[in-house]
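What follows is a short report on a single structure.
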Amino acid sequence: MRENKSIFTQIELPVVLLYLALTLIGWLSIYAAVYNEEHKSIFDISQRYGKQLLWIGLALVLGLFVMLTDTRFFNGFAFIIYLVTIGMLVAVLLFGSTIAGSKSWFQIGDFKLQPAEFAKFSTGLALAAFLNRLDTYISQTRTKIISIGIIVLPAILILMQYDTGSALVFSAFVLVLFREGLSPIPLILGLIAVVLFILTLYFSPLYVIIGIAVLLALSLFFTRRNIQVIMRLLAVFAVASLFVVSVGFVFDSVLEPHQRSRINVLLGLDEDLRGAGYNVHQSKIAIGSGGFAGKGFLQGTQTKFNFVPEQSTDFIFCTVGEEWGFLGTTVLIGLYMMLFMRLIRMAERQRSTFSRVYGYSVVSVLFFHFAINIAMTIGLAPVIGIPLPFVSYGGSSLWAFTIMLFAFLKLDANRLNVL
């Protein structure tokens, strides 16, 4: 057993530098996105860029506080932290404020807090603490049910707040379960379901069912034909057909009108450039107009004239694309890729299941936000309203991501003290 008294002796400095670089890029991008000629100072706290500087300062304080915390706290109090955030999610349903159609905020004057952001951190802790138990194996049915329950409970409460984007983020924790030995079959079935859903929107359900029947018949031709195989294929056909038939009901009766519009626009079934497709259309114009090297800092016309709504939050990537072009977006994506690779490397070298599972939880959540946010700004994913980690404007998301990241940095710095 090796002891290190200083918390900074084993800290992964490249990750800290990447974090600082991303927050700095975010701050400058927010300044460019909401630049005001009457408030030119980047430190003006009456503007979003001034407020973001305050959030960054407080985030650094939170990060330092986390680094000073005993590592046993995270494992020992994981379920308590999880239950506290669940309580906050319930409380916000009862007493929260509705902003942009989602009842997911506590608001006191100008100060707003979104519990859903911190629920990602607590869910990662709870999942890690549960899987860290000596008698817990992911192959056990009981373990699978409890693990999925830990993930699904906060997601359901967030869905009840009409914040679909934040709820979908919790699906990223399934990647953690795969790393711990969960069969990939659920993921494959999920991908098949998505394909069938999209095909049913493009074609008549009857044609899709006929296509399924043809594929199953071909698979029967190339496999051993016995009663068991035939019964399994018939069962698959029945389940797939029921799913295809139900797509219409789910799409028309379960999804909200704006969600249906966004999916139709994404799939090219509808072209609503003044409605559901407006944001993405303007976003692609802004990114494309940046060209190879961009128009220059504070020179973006799409940015300056507010053509893209929510450009300092969900569509912050547009500002980078327009003002810094292909080079700037490549650098930004490269920084994220380096961060993810470092975090995966750190997760793999952990000596405890708790630290490894929590590390992969951090990577999965950050990657989901990164991939979906950029994909929705360039029209490859529906607009679900989730921020770009460390870059988008907002205190709650920045603080939550900072706590998640620095908690893992603390666990990694302490790994040599683990037997």
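Residue numbers start at 1 in each chain; chains themselves are named A, B, ... in the order of the structure tokens; ligands are numbered from 1 in the order shown.
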Within 7 Å of segment 15-36 of chain A, which residues of segment 320-380 of chain A come that close, and what is the closest atom pair and distance in Å for each? Count only C-alpha atoms and give it as a tab-separated table.
residue	atom	partner	partner_atom	distance
A:Val320	CA	A:Ser29	CA	6.6
A:Leu335	CA	A:Leu18	CA	6.6
A:Leu339	CA	A:Val15	CA	6.2
A:Arg342	CA	A:Val15	CA	7.0
Quick one: residues within 12 Å of Phe121 of chain A, only C-alpha atoms counted, chain neighbours fewer than 6 positions away excluded, as an MDAnalysis selection string? chainID A and resid 74 78:79 81:82 84:86 115 127:128 151 154 169:170 173 358:366 396:397 399:408
Those same residues - N, CA and C atoms - I'd like them written as a tab-separated table (two decimals), in the first residue's frame.
chain	number	residue	atom	x	y	z
A	74	PHE	N	-17.26	9.58	-1.36
A	74	PHE	CA	-18.03	9.33	-2.58
A	74	PHE	C	-18.70	7.96	-2.56
A	78	ALA	N	-22.74	7.62	-1.45
A	78	ALA	CA	-23.28	7.60	-2.82
A	78	ALA	C	-24.80	7.50	-2.84
A	79	PHE	N	-25.34	6.57	-2.07
A	79	PHE	CA	-26.80	6.37	-2.09
A	79	PHE	C	-27.53	7.53	-1.41
A	81	ILE	N	-26.49	10.70	-1.46
A	81	ILE	CA	-26.49	11.76	-2.47
A	81	ILE	C	-27.53	11.48	-3.54
A	82	TYR	N	-27.64	10.21	-3.93
A	82	TYR	CA	-28.63	9.81	-4.95
A	82	TYR	C	-30.05	10.11	-4.46
A	84	VAL	N	-30.98	12.23	-2.17
A	84	VAL	CA	-31.18	13.68	-2.05
A	84	VAL	C	-31.55	14.29	-3.41
A	85	THR	N	-30.86	13.88	-4.47
A	85	THR	CA	-31.19	14.41	-5.80
A	85	THR	C	-32.55	13.91	-6.28
A	86	ILE	N	-32.90	12.67	-5.92
A	86	ILE	CA	-34.26	12.19	-6.25
A	86	ILE	C	-35.29	13.07	-5.56
A	115	PRO	N	-31.99	20.71	-10.98
A	115	PRO	CA	-31.57	19.47	-10.32
A	115	PRO	C	-31.23	18.34	-11.28
A	127	LEU	N	-24.73	4.02	-9.09
A	127	LEU	CA	-24.48	2.84	-9.92
A	127	LEU	C	-23.12	2.23	-9.59
A	128	ALA	N	-22.11	3.09	-9.39
A	128	ALA	CA	-20.78	2.60	-9.05
A	128	ALA	C	-20.77	1.93	-7.68
A	151	ILE	N	-30.88	3.79	-12.89
A	151	ILE	CA	-30.78	4.69	-14.04
A	151	ILE	C	-32.14	5.27	-14.43
A	154	PRO	N	-34.49	8.42	-11.96
A	154	PRO	CA	-34.38	9.87	-12.20
A	154	PRO	C	-34.81	10.26	-13.61
A	169	VAL	N	-30.37	11.59	-21.71
A	169	VAL	CA	-28.95	11.48	-21.35
A	169	VAL	C	-28.69	10.25	-20.49
A	170	PHE	N	-29.67	9.85	-19.69
A	170	PHE	CA	-29.47	8.72	-18.78
A	170	PHE	C	-29.31	7.39	-19.52
A	173	PHE	N	-25.81	5.69	-19.52
A	173	PHE	CA	-25.30	4.80	-18.46
A	173	PHE	C	-25.35	3.33	-18.89
A	358	TYR	N	-17.56	4.48	-11.96
A	358	TYR	CA	-17.85	5.92	-11.92
A	358	TYR	C	-17.12	6.63	-13.07
A	359	GLY	N	-15.87	6.23	-13.33
A	359	GLY	CA	-15.12	6.85	-14.42
A	359	GLY	C	-15.80	6.68	-15.76
A	360	TYR	N	-16.29	5.48	-16.03
A	360	TYR	CA	-17.01	5.25	-17.28
A	360	TYR	C	-18.35	5.99	-17.31
A	361	SER	N	-18.95	6.20	-16.15
A	361	SER	CA	-20.18	7.00	-16.09
A	361	SER	C	-19.90	8.43	-16.53
A	362	VAL	N	-18.79	8.99	-16.06
A	362	VAL	CA	-18.42	10.35	-16.45
A	362	VAL	C	-18.17	10.43	-17.95
A	363	VAL	N	-17.40	9.49	-18.49
A	363	VAL	CA	-17.10	9.50	-19.93
A	363	VAL	C	-18.38	9.36	-20.74
A	364	SER	N	-19.26	8.45	-20.34
A	364	SER	CA	-20.49	8.19	-21.11
A	364	SER	C	-21.39	9.41	-21.15
A	365	VAL	N	-21.59	10.07	-20.01
A	365	VAL	CA	-22.46	11.25	-19.96
A	365	VAL	C	-21.87	12.39	-20.77
A	366	LEU	N	-20.58	12.65	-20.59
A	366	LEU	CA	-19.94	13.74	-21.34
A	366	LEU	C	-19.98	13.46	-22.84
A	396	SER	N	-25.80	25.64	-13.81
A	396	SER	CA	-26.13	24.30	-13.34
A	396	SER	C	-25.35	23.23	-14.09
A	397	SER	N	-25.35	23.32	-15.42
A	397	SER	CA	-24.64	22.30	-16.21
A	397	SER	C	-23.14	22.36	-15.98
A	399	TRP	N	-21.48	23.49	-13.32
A	399	TRP	CA	-21.17	23.01	-11.98
A	399	TRP	C	-21.28	21.49	-11.90
A	400	ALA	N	-22.36	20.95	-12.48
A	400	ALA	CA	-22.56	19.50	-12.43
A	400	ALA	C	-21.44	18.76	-13.16
A	401	PHE	N	-21.08	19.23	-14.36
A	401	PHE	CA	-20.00	18.59	-15.11
A	401	PHE	C	-18.67	18.71	-14.36
A	402	THR	N	-18.45	19.86	-13.74
A	402	THR	CA	-17.21	20.07	-12.99
A	402	THR	C	-17.12	19.13	-11.80
A	403	ILE	N	-18.20	18.99	-11.06
A	403	ILE	CA	-18.21	18.09	-9.91
A	403	ILE	C	-17.97	16.66	-10.36
A	404	MET	N	-18.65	16.24	-11.44
A	404	MET	CA	-18.46	14.89	-11.97
A	404	MET	C	-17.00	14.64	-12.33
A	405	LEU	N	-16.41	15.57	-13.08
A	405	LEU	CA	-15.05	15.39	-13.57
A	405	LEU	C	-14.03	15.40	-12.43
A	406	PHE	N	-14.16	16.36	-11.52
A	406	PHE	CA	-13.16	16.49	-10.46
A	406	PHE	C	-13.30	15.38	-9.42
A	407	ALA	N	-14.49	14.84	-9.25
A	407	ALA	CA	-14.64	13.69	-8.36
A	407	ALA	C	-13.86	12.50	-8.91
A	408	PHE	N	-13.89	12.33	-10.23
A	408	PHE	CA	-13.13	11.24	-10.83
A	408	PHE	C	-11.63	11.52	-10.76
If DSSP is run on the backbone, what residues of segment 107-273 of chain A are alpha helix (DSSP H)? A reply as a ChimeraX atom specification would be ideal. /A:115-131,141-159,164-169,173-179,185-202,205-221,227-249,257-266
For the atom pair atom CA of Val357 of chain A and atom CA of Ala129 of chain A, what is the interatomic distance in Å to one decimal place?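 According to the coordinates, atom CA of Val357 of chain A and atom CA of Ala129 of chain A are separated by 8.5 Å.
Ranking A:Phe130, A:Tyr202, A:Tyr278, A:Phe370 by their shortest atom-to-atom distance to Phe317 of chain A, with only C-alpha atoms included, puts A:Phe370 first.
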Just the strand (DSSP E or B) stuff from segment 80-202 of chain A, please, per backbone DSSP, written as an MDAnalysis selection string. chainID A and resid 97:99 102:108 111:113
Within 12 Å of Leu83 of chain A, counting only C-alpha atoms, which residues show up once you throw out same-chain ones fewer than 4 positions away? Write them as number ranges by chain, please. A: 77-79, 87-90, 118-119, 122-123, 125-126, 150, 153-154
Surrounding residues of Ile56 of chain A excluding itself and chain neighbours under 4 positions, 8 Å, only C-alpha atoms, as a list in words: Thr23, Gln52, Leu60, Gly395 and Leu398 of chain A
May I have the selected residues written with N, CA and C atoms, as an mmCIF file, in the first residue's frame?
data_model
loop_
_atom_site.group_PDB
_atom_site.id
_atom_site.type_symbol
_atom_site.label_atom_id
_atom_site.label_comp_id
_atom_site.auth_asym_id
_atom_site.auth_seq_id
_atom_site.Cartn_x
_atom_site.Cartn_y
_atom_site.Cartn_z
ATOM 1 N N THR A 23 -13.468 25.401 -21.032
ATOM 2 C CA THR A 23 -14.240 26.458 -20.364
ATOM 3 C C THR A 23 -13.856 27.832 -20.911
ATOM 4 N N GLN A 52 -21.303 34.123 -16.891
ATOM 5 C CA GLN A 52 -20.605 32.853 -17.110
ATOM 6 C C GLN A 52 -19.245 32.858 -16.423
ATOM 7 N N LEU A 60 -14.653 26.406 -10.363
ATOM 8 C CA LEU A 60 -13.285 26.105 -9.936
ATOM 9 C C LEU A 60 -13.211 25.917 -8.421
ATOM 10 N N GLY A 395 -25.008 27.898 -15.409
ATOM 11 C CA GLY A 395 -24.328 27.543 -14.178
ATOM 12 C C GLY A 395 -24.551 26.110 -13.755
ATOM 13 N N LEU A 398 -22.570 23.572 -15.933
ATOM 14 C CA LEU A 398 -21.128 23.706 -15.717
ATOM 15 C C LEU A 398 -20.728 23.158 -14.353
#
List as an MDAnalysis selection string the protein and nucleic acid residues near Gln259 of chain A, meaning an atom at most 9 Å away when only C-alpha atoms are counted, but skip any in the same chain fewer than 5 places from it. chainID A and resid 264 276 382:384
Need the shell around Gly288 of chain A: protein/DNA/RNA residues with any atom at most 10 Å away, counting only C-alpha atoms. Skip same-chain ones fewer than 6 positions apart. Format as JSON, numbers by chain? {"A": [282, 294, 318, 321, 322, 325, 326, 378]}
Please determine, counting only C-alpha atoms, which residue among A:Val391, A:Ile192, A:Ile333, A:Leu157 has the shortest atom-to-atom distance to Lys103 of chain A.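 Using only C-alpha atoms, Lys103 of chain A sits closest to A:Leu157.
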